[in-house]
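Data file: structure29.csv. Format and content: CSV, C-alpha atoms.
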chain,number,residue,atom,x,y,z
A,221,MET,CA,23.3,16.1,-2.3
A,222,ILE,CA,22.6,14.0,-5.4
A,223,TRP,CA,24.8,11.0,-6.4
A,224,ILE,CA,24.4,9.5,-9.9
A,225,LEU,CA,26.7,6.4,-10.3
A,226,ASP,CA,27.5,3.8,-12.9
A,227,ASN,CA,24.9,3.8,-15.7
A,228,SER,CA,22.2,5.6,-13.8
A,229,LYS,CA,20.1,8.3,-15.4
A,230,PHE,CA,18.5,11.3,-13.6
A,231,VAL,CA,16.3,13.5,-15.9
A,232,THR,CA,14.2,16.4,-14.8
A,233,GLY,CA,11.6,18.3,-16.8
A,234,GLU,CA,10.9,22.1,-16.6
A,235,ASN,CA,10.0,23.8,-13.4
A,236,CYS,CA,11.1,20.9,-11.3
A,237,THR,CA,11.7,21.7,-7.7
A,238,ILE,CA,13.8,19.6,-5.3
A,239,THR,CA,14.5,21.0,-1.8
A,240,ASN,CA,16.4,19.5,1.1
A,241,SER,CA,16.6,16.1,-0.6
A,242,TYR,CA,19.2,13.4,-0.6
A,243,ILE,CA,19.1,11.3,-3.8
A,244,VAL,CA,21.3,8.3,-4.5
A,245,LEU,CA,21.2,6.4,-7.8
A,246,LYS,CA,23.3,3.2,-8.2
A,247,GLY,CA,23.9,0.6,-10.9
A,248,ASN,CA,21.4,0.9,-13.8
A,249,ALA,CA,18.8,2.9,-11.9
A,250,LYS,CA,16.8,5.7,-13.6
A,251,LEU,CA,14.9,8.5,-12.1
A,252,ILE,CA,12.8,10.5,-14.6
A,253,LEU,CA,10.8,13.5,-13.5
A,254,GLU,CA,8.4,15.3,-15.9
A,255,SER,CA,7.3,18.9,-15.7
A,256,ASN,CA,6.0,20.7,-12.5
A,257,ILE,CA,7.2,18.2,-10.0
A,258,GLN,CA,7.8,19.2,-6.4
A,259,ILE,CA,9.8,17.1,-3.9
A,260,GLU,CA,10.3,18.6,-0.5
A,261,ASN,CA,12.4,17.3,2.4
A,262,CYS,CA,12.6,13.8,0.8
A,263,ASN,CA,15.3,11.1,1.0
A,264,LEU,CA,15.3,9.1,-2.2
A,265,THR,CA,17.5,6.0,-2.3
A,266,ILE,CA,17.3,4.1,-5.6
A,267,VAL,CA,19.3,1.0,-6.3
A,268,ASN,CA,18.8,-0.8,-9.6
A,269,SER,CA,15.4,0.8,-9.9
A,270,TYR,CA,13.3,2.6,-12.5
A,271,ILE,CA,11.2,5.5,-11.3
A,272,TYR,CA,9.0,7.6,-13.6
A,273,ILE,CA,7.0,10.5,-12.1
A,274,ASN,CA,4.6,12.3,-14.5
A,275,LYS,CA,3.8,16.0,-14.5
A,276,ASP,CA,2.1,18.1,-11.8
A,277,SER,CA,2.8,15.6,-9.0
A,278,VAL,CA,3.8,16.7,-5.4
A,279,PHE,CA,5.8,14.8,-2.8
A,280,LYS,CA,6.2,16.2,0.7
A,281,HIS,CA,8.2,14.8,3.7
A,282,VAL,CA,8.4,11.4,2.1
A,283,ASN,CA,11.2,8.9,2.6
A,284,PHE,CA,11.3,7.2,-0.8
A,285,GLU,CA,13.5,4.1,-0.9
A,286,CYS,CA,13.6,1.7,-3.8
A,287,LEU,CA,16.0,-1.2,-3.7
A,288,GLU,CA,16.7,-4.3,-5.9
A,289,LYS,CA,15.0,-3.6,-9.2
A,290,SER,CA,11.9,-1.8,-8.1
A,291,ASN,CA,9.6,-0.3,-10.7
A,292,VAL,CA,7.7,2.9,-9.9
A,293,GLU,CA,5.4,4.8,-12.2
A,294,ILE,CA,3.5,7.8,-11.0
A,295,GLY,CA,0.8,9.5,-13.1
A,296,ASN,CA,-0.3,13.1,-13.5
A,297,MET,CA,-1.4,15.2,-10.5
A,298,VAL,CA,-0.5,12.7,-7.8
A,299,GLU,CA,0.1,14.1,-4.3
A,300,ILE,CA,1.9,12.1,-1.6
A,301,SER,CA,2.1,14.1,1.6
A,302,ASN,CA,3.3,12.8,5.0
A,303,TYR,CA,3.5,9.2,3.9
A,304,ASN,CA,6.4,6.7,4.5
A,305,LEU,CA,7.2,4.9,1.2
A,306,ILE,CA,9.3,1.7,1.7
A,307,LEU,CA,9.8,-0.2,-1.5
A,308,ARG,CA,11.9,-3.3,-2.0
A,309,LYS,CA,11.6,-5.6,-5.0
A,310,ALA,CA,8.4,-3.7,-5.6
A,311,VAL,CA,6.2,-2.7,-8.5
A,312,LEU,CA,4.2,0.5,-7.7
A,313,LYS,CA,1.9,2.0,-10.4
A,314,ILE,CA,-0.2,5.0,-9.5
A,315,ALA,CA,-2.4,6.5,-12.2
A,316,ASP,CA,-3.6,10.1,-12.4
A,317,ASN,CA,-5.3,12.2,-9.7
A,318,ASN,CA,-4.5,10.2,-6.6
A,319,PHE,CA,-4.0,11.8,-3.2
A,320,PHE,CA,-2.2,10.2,-0.2
A,321,SER,CA,-2.1,12.0,3.1
A,322,MET,CA,-2.2,11.3,6.9
A,323,GLY,CA,-5.5,13.1,7.3
A,324,ARG,CA,-6.5,13.6,11.0
A,325,SER,CA,-4.3,10.7,12.3
A,326,SER,CA,-1.4,11.4,14.5
A,327,LEU,CA,0.5,8.5,12.9
A,328,THR,CA,2.3,8.8,9.6
A,329,PRO,CA,0.8,6.1,7.3
A,330,ASN,CA,3.1,3.6,5.6
A,331,LEU,CA,3.1,2.4,2.0
A,332,SER,CA,5.4,-0.6,2.3
A,333,ILE,CA,6.0,-3.2,-0.4
A,334,GLN,CA,8.4,-5.9,0.6
A,335,GLU,CA,8.2,-7.9,-2.6
A,336,GLY,CA,4.9,-7.3,-4.3
A,337,SER,CA,2.9,-5.2,-6.7
A,338,LEU,CA,0.4,-2.4,-6.0
A,339,ASN,CA,-1.6,-1.0,-9.0
A,340,ILE,CA,-3.9,1.9,-8.4
A,341,GLY,CA,-6.3,3.4,-10.9
A,342,ASN,CA,-7.4,7.1,-11.2
A,343,HIS,CA,-9.1,9.4,-8.7
A,344,ASN,CA,-8.6,7.9,-5.3
A,345,PHE,CA,-7.7,9.3,-1.9
A,346,PHE,CA,-5.8,7.2,0.7
A,347,ARG,CA,-5.1,7.8,4.3
A,348,CYS,CA,-4.5,4.1,5.1
A,349,ASP,CA,-1.6,1.8,5.6
A,350,PHE,CA,-0.4,-0.7,2.9
A,351,LEU,CA,1.8,-3.7,3.6
A,352,LEU,CA,2.5,-6.1,0.7
A,353,ARG,CA,4.8,-9.1,1.1
A,354,TYR,CA,5.6,-12.5,-0.5
A,355,ASN,CA,4.9,-11.2,-4.0
A,356,GLY,CA,1.4,-10.2,-3.1
A,357,ILE,CA,-0.7,-8.3,-5.7
A,358,CYS,CA,-3.1,-5.5,-4.7
A,359,GLU,CA,-5.3,-4.0,-7.4
A,360,ILE,CA,-7.4,-0.9,-6.7
A,361,GLY,CA,-9.8,0.7,-9.2
A,362,THR,CA,-11.1,4.3,-9.4
A,363,TYR,CA,-12.9,6.8,-7.1
A,364,ASN,CA,-12.3,5.0,-3.9
A,365,GLY,CA,-11.8,6.7,-0.5
A,366,ILE,CA,-9.9,4.7,2.2
A,367,CYS,CA,-9.7,6.5,5.5
A,368,GLU,CA,-7.2,6.9,8.5
A,369,ASN,CA,-5.8,3.9,10.3
A,370,THR,CA,-7.3,1.4,8.0
A,371,GLU,CA,-4.8,-1.4,7.1
A,372,ILE,CA,-4.5,-3.3,3.9
A,373,ARG,CA,-2.2,-6.4,4.3
A,374,CYS,CA,-1.6,-8.4,1.2
A,375,ASP,CA,0.5,-11.5,0.9
A,376,GLU,CA,-1.4,-13.0,-2.1
A,377,LEU,CA,-4.1,-11.1,-3.8
A,378,ILE,CA,-6.5,-8.2,-2.8
A,379,THR,CA,-8.8,-6.7,-5.4
A,380,ILE,CA,-10.8,-3.5,-4.6
A,381,GLY,CA,-13.1,-2.2,-7.3
A,382,SER,CA,-14.4,1.3,-7.8
A,383,PHE,CA,-16.5,3.9,-6.0
A,384,ASN,CA,-16.1,2.3,-2.6
A,385,MET,CA,-16.1,4.1,0.7
A,386,ILE,CA,-13.9,2.4,3.4
A,387,SER,CA,-14.0,4.0,6.8
A,388,TYR,CA,-11.6,4.4,9.7
A,389,GLN,CA,-9.7,1.6,11.4
A,390,CYS,CA,-10.8,-1.1,9.1
A,391,MET,CA,-8.8,-4.2,8.3
A,392,ILE,CA,-8.6,-5.9,4.9
A,393,TYR,CA,-6.3,-8.9,5.2
A,394,ASP,CA,-5.7,-11.8,2.8
A,395,THR,CA,-3.3,-13.4,5.2
A,396,ASN,CA,-3.0,-14.8,8.7
A,397,THR,CA,0.0,-12.4,8.9
A,398,HIS,CA,1.9,-15.0,11.1
A,399,ASN,CA,2.5,-18.7,11.1
A,400,ILE,CA,1.5,-20.9,14.1
A,401,TYR,CA,4.7,-22.7,14.9
A,402,ASP,CA,5.3,-25.4,17.5
A,403,LYS,CA,5.7,-23.9,20.9
A,404,GLU,CA,9.3,-25.0,21.5
A,405,PHE,CA,10.3,-23.8,18.0
A,406,ARG,CA,8.6,-20.5,18.5
A,407,ARG,CA,10.3,-20.0,21.9
A,408,GLU,CA,13.7,-20.9,20.4
A,409,LEU,CA,13.1,-18.3,17.5
A,410,THR,CA,12.0,-15.7,20.0
A,411,ARG,CA,15.1,-16.2,22.2
A,412,SER,CA,17.5,-15.9,19.2
A,413,ASP,CA,15.7,-12.8,17.8
A,414,PHE,CA,15.1,-10.9,21.0
A,415,PRO,CA,14.3,-8.0,21.3
A,416,ASN,CA,12.6,-8.6,18.0
A,417,ILE,CA,9.6,-11.0,18.4
A,418,GLY,CA,7.4,-12.7,15.8
A,419,ARG,CA,9.7,-13.4,12.8
A,420,ASP,CA,8.3,-15.9,10.3
A,421,LEU,CA,10.5,-18.2,8.3
A,422,ASP,CA,7.9,-18.8,5.5
A,423,LYS,CA,4.7,-17.4,4.1
A,424,PRO,CA,1.6,-17.7,6.4
A,425,LYS,CA,-1.7,-19.0,5.2
A,426,THR,CA,-3.4,-16.8,2.6
A,427,LYS,CA,-6.5,-16.7,0.4
A,428,PRO,CA,-7.5,-13.9,-2.0
A,429,VAL,CA,-9.9,-11.1,-1.0
A,430,TYR,CA,-12.3,-9.4,-3.5
A,431,ILE,CA,-14.3,-6.3,-2.9
A,432,GLY,CA,-16.5,-5.2,-5.8
A,433,ASN,CA,-17.9,-1.7,-6.6
A,434,ASP,CA,-20.1,0.8,-4.8
A,435,CYS,CA,-19.5,-0.8,-1.4
A,436,TRP,CA,-19.5,0.9,2.0
A,437,MET,CA,-17.4,-0.4,4.9
A,438,GLY,CA,-18.2,1.1,8.3
A,439,LYS,CA,-15.7,2.0,11.0
A,440,ARG,CA,-13.6,-0.9,12.4
A,441,ALA,CA,-15.1,-3.4,9.9
A,442,VAL,CA,-12.8,-6.4,9.3
A,443,VAL,CA,-12.5,-8.4,6.1
A,444,LEU,CA,-10.3,-11.4,6.3
A,445,LYS,CA,-8.8,-13.9,3.9
A,446,GLY,CA,-11.0,-15.8,1.5
A,447,THR,CA,-13.8,-13.2,1.6
A,448,ILE,CA,-15.7,-12.1,-1.6
A,449,ILE,CA,-17.9,-9.1,-1.4
A,450,TYR,CA,-19.9,-8.3,-4.5
A,451,ASP,CA,-21.3,-4.9,-5.7
A,452,GLU,CA,-23.4,-2.5,-3.6
A,453,CYS,CA,-22.9,-4.1,-0.2
A,454,ILE,CA,-22.8,-2.4,3.2
A,455,ILE,CA,-20.4,-3.8,5.8
A,456,GLY,CA,-21.5,-2.5,9.1
A,457,THR,CA,-19.4,-1.0,11.9
A,458,ASN,CA,-17.4,-3.6,13.8
A,459,ALA,CA,-18.6,-6.4,11.5
A,460,LEU,CA,-16.1,-9.3,10.9
A,461,ILE,CA,-16.2,-11.3,7.7
A,462,SER,CA,-13.9,-14.3,7.1
A,463,ASN,CA,-13.9,-16.7,4.1
A,464,VAL,CA,-17.5,-16.0,3.0
A,465,ILE,CA,-19.2,-14.9,-0.1
A,466,VAL,CA,-21.4,-11.8,0.3
A,467,PRO,CA,-24.0,-11.5,-2.5
A,468,PRO,CA,-24.7,-8.2,-4.3
A,469,ASN,CA,-26.8,-5.6,-2.4
A,470,SER,CA,-26.3,-7.3,1.0
A,471,ILE,CA,-25.9,-5.8,4.4
A,472,VAL,CA,-23.4,-7.4,6.8
A,473,VAL,CA,-23.5,-6.8,10.5
A,474,GLY,CA,-22.1,-8.4,13.7
A,475,ASN,CA,-19.3,-10.5,14.9
A,476,PRO,CA,-19.5,-13.3,13.7
A,477,ALA,CA,-21.1,-11.7,10.6
A,478,ILE,CA,-24.8,-12.0,9.7
A,479,ILE,CA,-25.6,-11.4,6.0
A,480,LYS,CA,-29.0,-9.8,5.4

Show this structure as structure tokens.
Amino acid sequence: MIWILDNSKFVTGENCTITNSYIVLKGNAKLILESNIQIENCNLTIVNSYIYINKDSVFKHVNFECLEKSNVEIGNMVEISNYNLILRKAVLKIADNNFFSMGRSSLTPNLSIQEGSLNIGNHNFFRCDFLLRYNGICEIGTYNGICENTEIRCDELITIGSFNMISYQCMIYDTNTHNIYDKEFRRELTRSDFPNIGRDLDKPKTKPVYIGNDCWMGKRAVVLKGTIIYDECIIGTNALISNVIVPPNSIVVGNPAIIK
């Protein structure tokens, strides 16, 4: 079923295939699909949003939800397979030749933007989770590989350059993710929200993260807020870096981290 309401526009190019999909467009939303687009078993909910998908792109088993003036631009030959897309007040720009998949993980990865902007360059593959909030901005360059169960959490600014290899189960956080409230206030909030626990009323502490070019992050490496990693660095398995500057051509090992 496809609903097109009010001033919405729904345009498809030639050889466009949509199967088992439920699409709702409301208000001034637009959905423009160029040639050779495949969308399979997807629920698309678009409210006051603009979505442009360029040619030769493939979506499979994706819940695609854009609410409250989201802006989505997808380039040529982009494949998003077995990913959950949750976009609210979001800007998502994906350039050409990008591939998103769950890989060998048993968990479907999430690309979640709850107010924020994610801008991705050409020729990357992703099997990781994204969570952007509080108008966070995440910029990713070209020819990066980010593997399964890695988490990118952005509440302010994360910049990742080009030709980086980021392994499994890594953490890249520019945020504390939660605030530390007074004990009694936290208990009161927990009681009122139960069974949901851990709600924040304001933005937690943040500081930008920068990762340069030609870096390699080993499995379970952790990069926390305020960290700057310059070009051609190796971040070893299980290394933890927080609020430090890593010079070019360095090797980082251990927890706490030692820079060699």

Surrounding residues of range 376-385 of chain A excluding itself and chain neighbours under 6 positions, 6 Å, all atoms listed in the file, as a compact mmCIF listing (two decimals) with C-alpha atoms, in the coordinates of the input:
# COMPACT_ATOMS: atom_id res chain seq x y z
CA GLY A 356 1.40 -10.20 -3.10
CA ILE A 357 -0.70 -8.30 -5.70
CA CYS A 358 -3.10 -5.50 -4.70
CA GLU A 359 -5.30 -4.00 -7.40
CA ILE A 360 -7.40 -0.90 -6.70
CA GLY A 361 -9.80 0.70 -9.20
CA THR A 362 -11.10 4.30 -9.40
CA TYR A 363 -12.90 6.80 -7.10
CA ASN A 364 -12.30 5.00 -3.90
CA GLY A 365 -11.80 6.70 -0.50
CA PRO A 428 -7.50 -13.90 -2.00
CA VAL A 429 -9.90 -11.10 -1.00
CA TYR A 430 -12.30 -9.40 -3.50
CA ILE A 431 -14.30 -6.30 -2.90
CA GLY A 432 -16.50 -5.20 -5.80
CA ASN A 433 -17.90 -1.70 -6.60
CA ASP A 434 -20.10 0.80 -4.80
CA CYS A 435 -19.50 -0.80 -1.40
CA TRP A 436 -19.50 0.90 2.00

Residues near range 471-473 of chain A, cut-off 6 Å, only C-alpha atoms, skip fewer than 6 positions along chain, as a ChimeraX atom specification: /A:453-456,459,479-480

Atomic separation - CA of Asp394 in chain A relative to CA of Arg324 in chain A, Å: 26.7 Å

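Across the structure, CA of Leu352 in chain A and CA of Asp316 in chain A are spaced 21.7 Å apart.
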